[in-house]
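Asks: Following this line is target38.txt, made up of compact mmCIF, C-alpha atoms:
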```txt
# COMPACT_ATOMS: atom_id res chain seq x y z
CA THR F 124 55.50 80.91 90.87
CA ASN F 125 57.94 79.37 88.42
CA THR F 126 61.19 81.16 87.62
CA SER F 127 63.46 81.07 84.59
CA PRO F 128 67.09 81.94 83.81
CA GLU F 129 65.92 85.37 82.59
CA ASP F 130 64.92 86.17 86.17
CA ILE F 131 68.61 86.18 87.07
CA ALA F 132 69.19 89.04 84.64
CA ILE F 133 66.14 90.89 85.97
CA CYS F 134 67.27 90.51 89.58
CA GLU F 135 70.81 91.67 88.77
CA ALA F 136 69.46 94.75 87.00
CA TYR F 137 67.10 95.43 89.90
CA LEU F 138 70.00 95.35 92.36
CA ALA F 139 72.07 97.63 90.13
CA CYS F 140 69.42 100.34 90.23
CA GLN F 141 68.96 99.89 93.99
CA PHE F 142 72.68 100.43 94.56
CA SER F 143 72.86 103.48 92.26
CA GLY F 144 69.48 105.01 93.07
CA ASP F 145 68.93 105.56 89.33
CA PRO F 146 65.81 103.75 87.99
CA GLY F 147 67.24 104.02 84.47
CA ASP F 148 70.04 101.65 85.45
CA PHE F 149 67.51 98.82 85.52
CA TYR F 150 66.93 98.97 81.74
CA ARG F 151 70.54 99.90 80.94
CA VAL F 152 72.10 97.01 82.89
CA ILE F 153 69.69 94.35 81.67
CA TRP F 154 70.27 95.44 78.06
CA GLU F 155 74.05 95.80 78.26
CA ASN F 156 74.63 92.56 80.18
CA ASN F 157 71.96 90.31 78.69
CA GLY F 158 70.57 91.94 75.54
CA ILE F 159 67.05 92.09 77.02
CA SER F 160 65.12 95.15 75.84
CA LYS F 161 62.43 97.22 77.54
CA GLU F 162 59.97 96.00 74.88
CA TYR F 163 60.75 92.37 75.69
CA LEU F 164 60.14 92.97 79.40
CA GLU F 165 56.80 94.61 78.61
CA ASN F 166 55.66 91.58 76.61
CA MET F 167 56.66 88.80 78.99
CA TYR F 168 54.04 86.50 80.50
CA HIS F 169 54.38 88.57 83.71
CA PRO F 170 55.21 91.92 82.08
CA ILE F 171 57.33 94.68 83.59
CA HIS F 172 56.00 98.09 82.57
CA HIS F 173 57.85 100.40 84.95
CA ALA F 174 61.35 100.85 86.34
CA PRO F 175 61.69 99.80 90.01
CA MET F 176 61.24 102.18 92.90
CA HIS F 177 64.35 102.99 94.93
CA LEU F 178 64.04 100.71 97.97
CA PRO F 179 67.62 100.21 99.21
CA HIS F 180 66.45 98.42 102.36
CA MET F 181 65.43 95.53 100.05
CA ILE F 182 69.00 94.97 98.80
CA PRO F 183 69.93 92.17 101.27
CA ASP F 184 66.71 90.28 100.53
CA PHE F 185 67.22 90.50 96.77
CA GLN F 186 70.88 89.54 97.06
CA HIS F 187 69.72 86.35 98.77
CA PHE F 188 67.00 85.87 96.15
CA LEU F 189 69.63 86.26 93.40
CA TRP F 190 71.71 83.57 95.07
CA ILE F 191 68.67 81.25 95.08
CA LEU F 192 67.97 81.97 91.39
CA LYS F 193 71.56 81.24 90.41
CA LEU F 194 71.57 78.05 92.43
CA THR F 195 68.24 76.96 90.89
CA HIS F 196 69.16 77.73 87.30
CA SER F 197 72.89 77.07 87.31
CA GLY F 198 72.42 74.00 85.10
CA ALA F 199 70.36 75.95 82.58
CA ASP F 200 72.66 78.97 82.48
CA LEU F 201 74.74 78.97 79.31
CA ASP F 202 77.99 80.24 80.83
CA VAL F 203 77.88 77.86 83.79
CA SER F 204 76.85 74.94 81.59
CA LEU F 205 79.75 75.48 79.19
CA GLU F 206 82.21 75.74 82.06
CA ASN F 207 80.95 72.43 83.45
CA ALA F 208 80.89 70.60 80.10
CA LYS F 209 83.98 71.94 78.32
CA GLY F 210 86.19 69.06 79.50
CA PHE F 211 84.01 66.58 77.58
CA LEU F 212 84.12 68.49 74.25
CA ASP F 213 86.69 68.73 71.46
CA GLY F 214 88.73 71.88 70.91
CA GLU F 215 86.83 73.13 67.88
CA LEU F 216 83.44 72.79 69.57
CA ASN F 217 84.77 74.57 72.67
CA TYR F 218 85.99 77.40 70.42
CA MET F 219 82.58 77.69 68.72
CA LEU F 220 80.82 77.85 72.08
CA HIS F 221 83.15 80.48 73.53
CA ASP F 222 82.81 82.53 70.33
CA LEU F 223 79.03 82.30 70.71
CA LEU F 224 79.20 83.59 74.29
CA GLN F 225 81.41 86.50 73.28
CA HIS F 226 78.92 87.54 70.59
CA ARG F 227 75.69 86.42 72.25
CA THR F 228 73.68 89.48 71.17
CA GLU F 229 74.55 89.29 67.45
CA TRP F 230 71.83 88.69 64.85
CA TRP F 231 73.41 85.42 63.69
CA VAL F 232 73.31 83.74 67.11
CA PRO F 233 70.17 81.57 66.52
CA GLY F 234 71.70 79.98 63.42
CA LYS F 235 74.99 79.39 65.21
CA ILE F 236 73.14 77.73 68.12
CA VAL F 237 71.52 75.24 65.73
CA GLU F 238 74.90 74.50 64.14
CA ILE F 239 76.48 73.90 67.55
CA ARG F 240 73.57 71.77 68.80
CA LYS F 241 73.89 69.53 65.72
CA ARG F 242 77.55 68.91 66.52
CA LEU F 243 76.86 68.54 70.23
CA SER F 244 74.19 65.92 69.55
CA GLY F 245 76.93 63.52 68.54
CA TYR F 246 78.04 63.47 72.18
CA TRP F 247 74.69 62.77 73.80
CA LYS F 248 72.94 60.71 71.11
CA HIS F 249 75.74 58.15 70.88
CA GLY F 250 77.83 56.49 73.52
CA PHE F 251 77.51 57.51 77.17
CA PRO F 252 76.55 61.16 77.47
CA SER F 253 77.69 63.29 80.39
CA ARG F 254 75.00 65.02 82.45
CA ASP F 255 76.91 68.28 81.94
CA VAL F 256 76.79 67.89 78.16
CA LEU F 257 73.04 67.30 78.29
CA LEU F 258 72.55 70.40 80.45
CA LEU F 259 74.63 72.42 78.00
CA ASP F 260 72.32 71.35 75.18
CA VAL F 261 69.30 72.33 77.31
CA ALA F 262 70.88 75.75 77.94
CA LEU F 263 71.54 76.25 74.22
CA GLU F 264 67.97 75.36 73.32
CA ASP F 265 66.66 77.73 75.99
CA TYR F 266 68.86 80.56 74.69
CA PHE F 267 67.67 79.86 71.13
CA ARG F 268 64.09 80.34 72.36
CA LEU F 269 65.03 83.52 74.20
CA GLN F 270 66.65 85.01 71.10
CA LEU F 271 63.55 84.32 69.00
CA GLN F 272 61.27 85.81 71.67
CA LYS F 273 63.32 89.00 71.67
CA LEU F 274 62.87 89.58 67.93
CA ASP F 275 60.70 92.53 66.90
CA TYR F 276 58.50 90.67 64.43
CA SER F 277 56.65 93.84 63.47
CA ASN F 278 59.85 95.09 61.82
CA LEU F 279 60.78 91.82 60.11
CA SER F 280 60.24 91.53 56.39
CA ILE F 281 58.05 88.66 55.20
CA ASP F 282 61.11 86.99 53.67
CA ASP F 283 63.08 87.24 56.93
CA ALA F 284 60.16 85.79 58.86
CA LEU F 285 59.84 82.90 56.39
CA ASN F 286 63.56 82.16 56.69
CA LEU F 287 63.09 81.53 60.40
CA ILE F 288 60.77 78.58 59.79
CA PRO F 289 63.41 76.06 58.56
CA LEU F 290 65.78 77.23 61.31
CA ILE F 291 63.17 76.58 64.01
CA LEU F 292 62.37 73.17 62.55
CA GLU F 293 66.07 72.27 62.38
CA ASN F 294 66.45 73.20 66.04
CA ALA F 295 63.46 71.06 67.03
CA LEU F 296 64.82 68.10 65.06
CA VAL F 297 68.08 68.15 67.00
CA THR F 298 66.07 67.19 70.08
CA GLU F 299 63.79 64.66 68.40
CA GLU F 300 64.07 63.06 64.96
CA ASP F 301 60.37 63.28 64.13
CA GLN F 302 59.53 62.06 60.62
CA GLU F 303 56.64 64.49 60.11
CA LEU F 304 58.77 67.48 61.10
CA MET F 305 61.52 66.24 58.77
CA MET F 306 59.02 66.20 55.91
CA ARG F 307 57.88 69.73 56.73
CA LEU F 308 61.48 70.94 56.88
CA SER F 309 62.28 69.37 53.50
CA HIS F 310 59.16 70.95 51.97
CA TRP F 311 59.88 74.41 53.36
CA SER F 312 63.53 74.29 52.33
CA LYS F 313 62.49 73.43 48.77
CA LEU F 314 59.87 76.19 48.65
CA LEU F 315 62.18 78.88 49.99
CA SER F 316 65.03 77.96 47.65
CA GLY F 317 63.14 79.26 44.60
CA GLU F 318 61.32 82.42 43.56
CA ARG F 319 58.78 83.16 46.27
CA TRP F 320 56.37 85.74 44.92
CA THR F 321 55.54 84.66 41.37
CA GLY F 322 52.82 82.44 39.94
CA THR F 323 51.20 80.12 42.46
CA MET F 324 54.06 80.29 44.95
CA PRO F 325 52.20 82.53 47.48
CA LEU F 326 49.37 79.98 47.56
CA GLN F 327 51.89 77.16 48.02
CA LEU F 328 53.47 79.02 50.95
CA LEU F 329 50.04 79.51 52.51
CA ALA F 330 49.23 75.81 52.09
CA ALA F 331 52.62 74.87 53.58
CA SER F 332 51.92 77.14 56.56
CA GLU F 333 48.56 75.50 57.21
CA THR F 334 50.07 72.01 56.89
CA LEU F 335 52.87 72.94 59.27
CA ALA F 336 50.35 74.25 61.82
CA LEU F 337 48.52 70.90 61.74
CA THR F 338 51.81 68.99 62.05
CA LEU F 339 52.88 71.06 65.05
CA ALA F 340 49.50 70.58 66.72
CA HIS F 341 49.80 66.82 66.24
CA HIS F 342 53.37 66.90 67.53
CA MET F 343 52.29 68.77 70.68
CA ASP F 344 49.52 66.23 71.24
CA LYS F 345 52.13 63.45 71.15
CA LEU F 346 54.31 65.29 73.64
CA LEU F 347 51.40 65.77 76.02
CA LYS F 348 50.81 62.01 76.05
CA LEU F 349 54.38 61.24 77.17
```
Any chance you could put this one into structure tokens?
Replies:
Amino acid sequence: TNTSPEDIAICEAYLACQFSGDPGDFYRVIWENNGISKEYLENMYHPIHHAPMHLPHMIPDFQHFLWILKLTHSGADLDVSLENAKGFLDGELNYMLHDLLQHRTEWWVPGKIVEIRKRLSGYWKHGFPSRDVLLLDVALEDYFRLQLQKLDYSNLSIDDALNLIPLILENALVTEEDQELMMRLSHWSKLLSGERWTGTMPLQLLAASETLALTLAHHMDKLLKL
């Protein structure tokens, strides 16, 4: 089956609980080191509903598996990607990236990722981009997705959920300057800048949501044809 960078965190947490013999270390380590919650693990495509059994004889096999995962995903791992690309970036951008890594579990991280990706795009959209810079952008986009997947949407207010829409569109537009998505972003930014819950505004937000859904479906169709 396919693996992802998150599997590195899962494997590291699994090994931690095998070494300690405490099943609770699995959830503690994966949360403290990577900000991945028990709820997120339970809602993954291949969900994890229980802490691992203590099987210390499996440690050597999983240490080797962890090595394979790190080798496979080294280019998509944010820390490794920054280390490889930092020599191609200016001092201010390097500072922003290191600050992001030091505060990677903060609530403001998705917005900071979009800000950094916009600046980083100047390196790979113009001139002769380095492979390491491109892989850093891929890692940032992947971490943006991970942060949004980890959100507990059931506890978000409607206003907070609506505020995510322009941010997600801005992130998508860093990768591809699609005219339809630009129009949707402009429309949503205008709608959200005013009073949201008076007069006909709720109906306008509903109409904008339906239009955005159609635009995204059309955009996905175009991507599938590439």
Asks: Which residues of range 249-279 of chain F sit at most 10 Å from range 124-133 of chain F, using all atoms listed in the file? Give each one's shortest atom pair and distance in Å (one decimal place), in chain and ascending residue order, as a tab-separated table.
Replies:
```
residue	atom	partner	partner_atom	distance
F:Ala262	CA	F:Pro128	CA	9.3
F:Asp265	CA	F:Pro128	CA	8.9
F:Tyr266	CA	F:Pro128	CA	9.4
F:Leu269	CA	F:Glu129	CA	8.6
```
Asks: Once you have the residues from the selection above, write them out as a PDB file, in the frame of the given file, restricted to C-alpha atoms.
Replies:
```pdb
ATOM      1  CA  ALA F 262      70.880  75.750  77.940  1.00  0.00           C
ATOM      2  CA  ASP F 265      66.660  77.730  75.990  1.00  0.00           C
ATOM      3  CA  TYR F 266      68.860  80.560  74.690  1.00  0.00           C
ATOM      4  CA  LEU F 269      65.030  83.520  74.200  1.00  0.00           C
TER       5      LEU F 269
END
```
Asks: Around the point (65.6, 81.9, 57.0), in the coordinates given by the file, pick out the residues reaching within 12 Å, counting all atoms listed in the file, and return them as a PyMOL selection string.
Replies: chain F and resi 231+233-234+279-293+308+311-312+314-316
Asks: Neighbouring residues of range 343-347 of chain F were defined as those with any atom within 12 Å, considering all atoms listed in the file; residues of the same chain fewer than 4 positions away were excluded. Please report them as a short mmCIF file (atom, residue, chain, number, x, y, z; two decimals) with C-alpha atoms, in the frame of the given file.
Replies:
```cif
data_model
loop_
_atom_site.label_atom_id
_atom_site.label_comp_id
_atom_site.auth_asym_id
_atom_site.auth_seq_id
_atom_site.Cartn_x
_atom_site.Cartn_y
_atom_site.Cartn_z
CA ALA F 295 63.46 71.06 67.03
CA GLU F 299 63.79 64.66 68.40
CA ASP F 301 60.37 63.28 64.13
CA GLU F 303 56.64 64.49 60.11
CA LEU F 304 58.77 67.48 61.10
CA ALA F 336 50.35 74.25 61.82
CA LEU F 337 48.52 70.90 61.74
CA THR F 338 51.81 68.99 62.05
CA LEU F 339 52.88 71.06 65.05
#
```
Asks: Which residue, F:Ala136, F:Ile159, F:Val152, F:Val256, has the smallest gap to Asp275 in chain F when you use all atoms listed in the file?
Replies: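 Looking at the shortest contact to Asp275 in chain F, the residue is F:Ile159.
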Asks: Mind giving me the straight-line distance from CA of Ile236 in chain F to CA of Leu271 in chain F in Å, one decimal?
Replies: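 So the two atoms, CA of Ile236 in chain F and CA of Leu271 in chain F, lie 11.7 Å apart.
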Asks: Residues of range 252-288 of chain F that have any atom at most 9 Å from an atom of range 204-211 of chain F: could you tabulate them with the shortest-distance atom pair and the distance in Å to one decimal, using only C-alpha atoms, ordered by chain and increasing number, as JSON lines?
Replies:
```
{"residue": "F:Ser253", "atom": "CA", "partner": "F:Phe211", "partner_atom": "CA", "distance": 7.7}
{"residue": "F:Arg254", "atom": "CA", "partner": "F:Ala208", "partner_atom": "CA", "distance": 8.4}
{"residue": "F:Asp255", "atom": "CA", "partner": "F:Ala208", "partner_atom": "CA", "distance": 5.0}
{"residue": "F:Val256", "atom": "CA", "partner": "F:Ala208", "partner_atom": "CA", "distance": 5.3}
{"residue": "F:Leu257", "atom": "CA", "partner": "F:Ala208", "partner_atom": "CA", "distance": 8.7}
{"residue": "F:Leu258", "atom": "CA", "partner": "F:Ser204", "partner_atom": "CA", "distance": 6.4}
{"residue": "F:Leu259", "atom": "CA", "partner": "F:Ser204", "partner_atom": "CA", "distance": 4.9}
{"residue": "F:Asp260", "atom": "CA", "partner": "F:Ser204", "partner_atom": "CA", "distance": 8.6}
{"residue": "F:Ala262", "atom": "CA", "partner": "F:Ser204", "partner_atom": "CA", "distance": 7.0}
```
Asks: Using all atoms listed in the file, which residues sit within 8 Å of Ala174 in chain F once same-chain residues fewer than 3 positions away are excluded, as a list in words?
Replies: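 Everything that qualifies: Pro146, Gly147, Phe149, Tyr150 and Ile171 of chain F.
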Asks: Out of F:Leu189, F:Ser160, F:Asp145, F:Thr321, which residue has the shortest atom-to-atom distance to Gln270 in chain F when counting only C-alpha atoms?
Replies: F:Ser160
Asks: With all atoms listed in the file as the atoms that count, which of F:Gln186, F:Ser143, F:Gln225, F:Gln327 lies nearest to Leu201 in chain F?
Replies: F:Gln225
Asks: Quick check, in Å to one decimal: how far apart do CA of Val297 in chain F and CA of Gln272 in chain F lie?
Replies: 19.5 Å
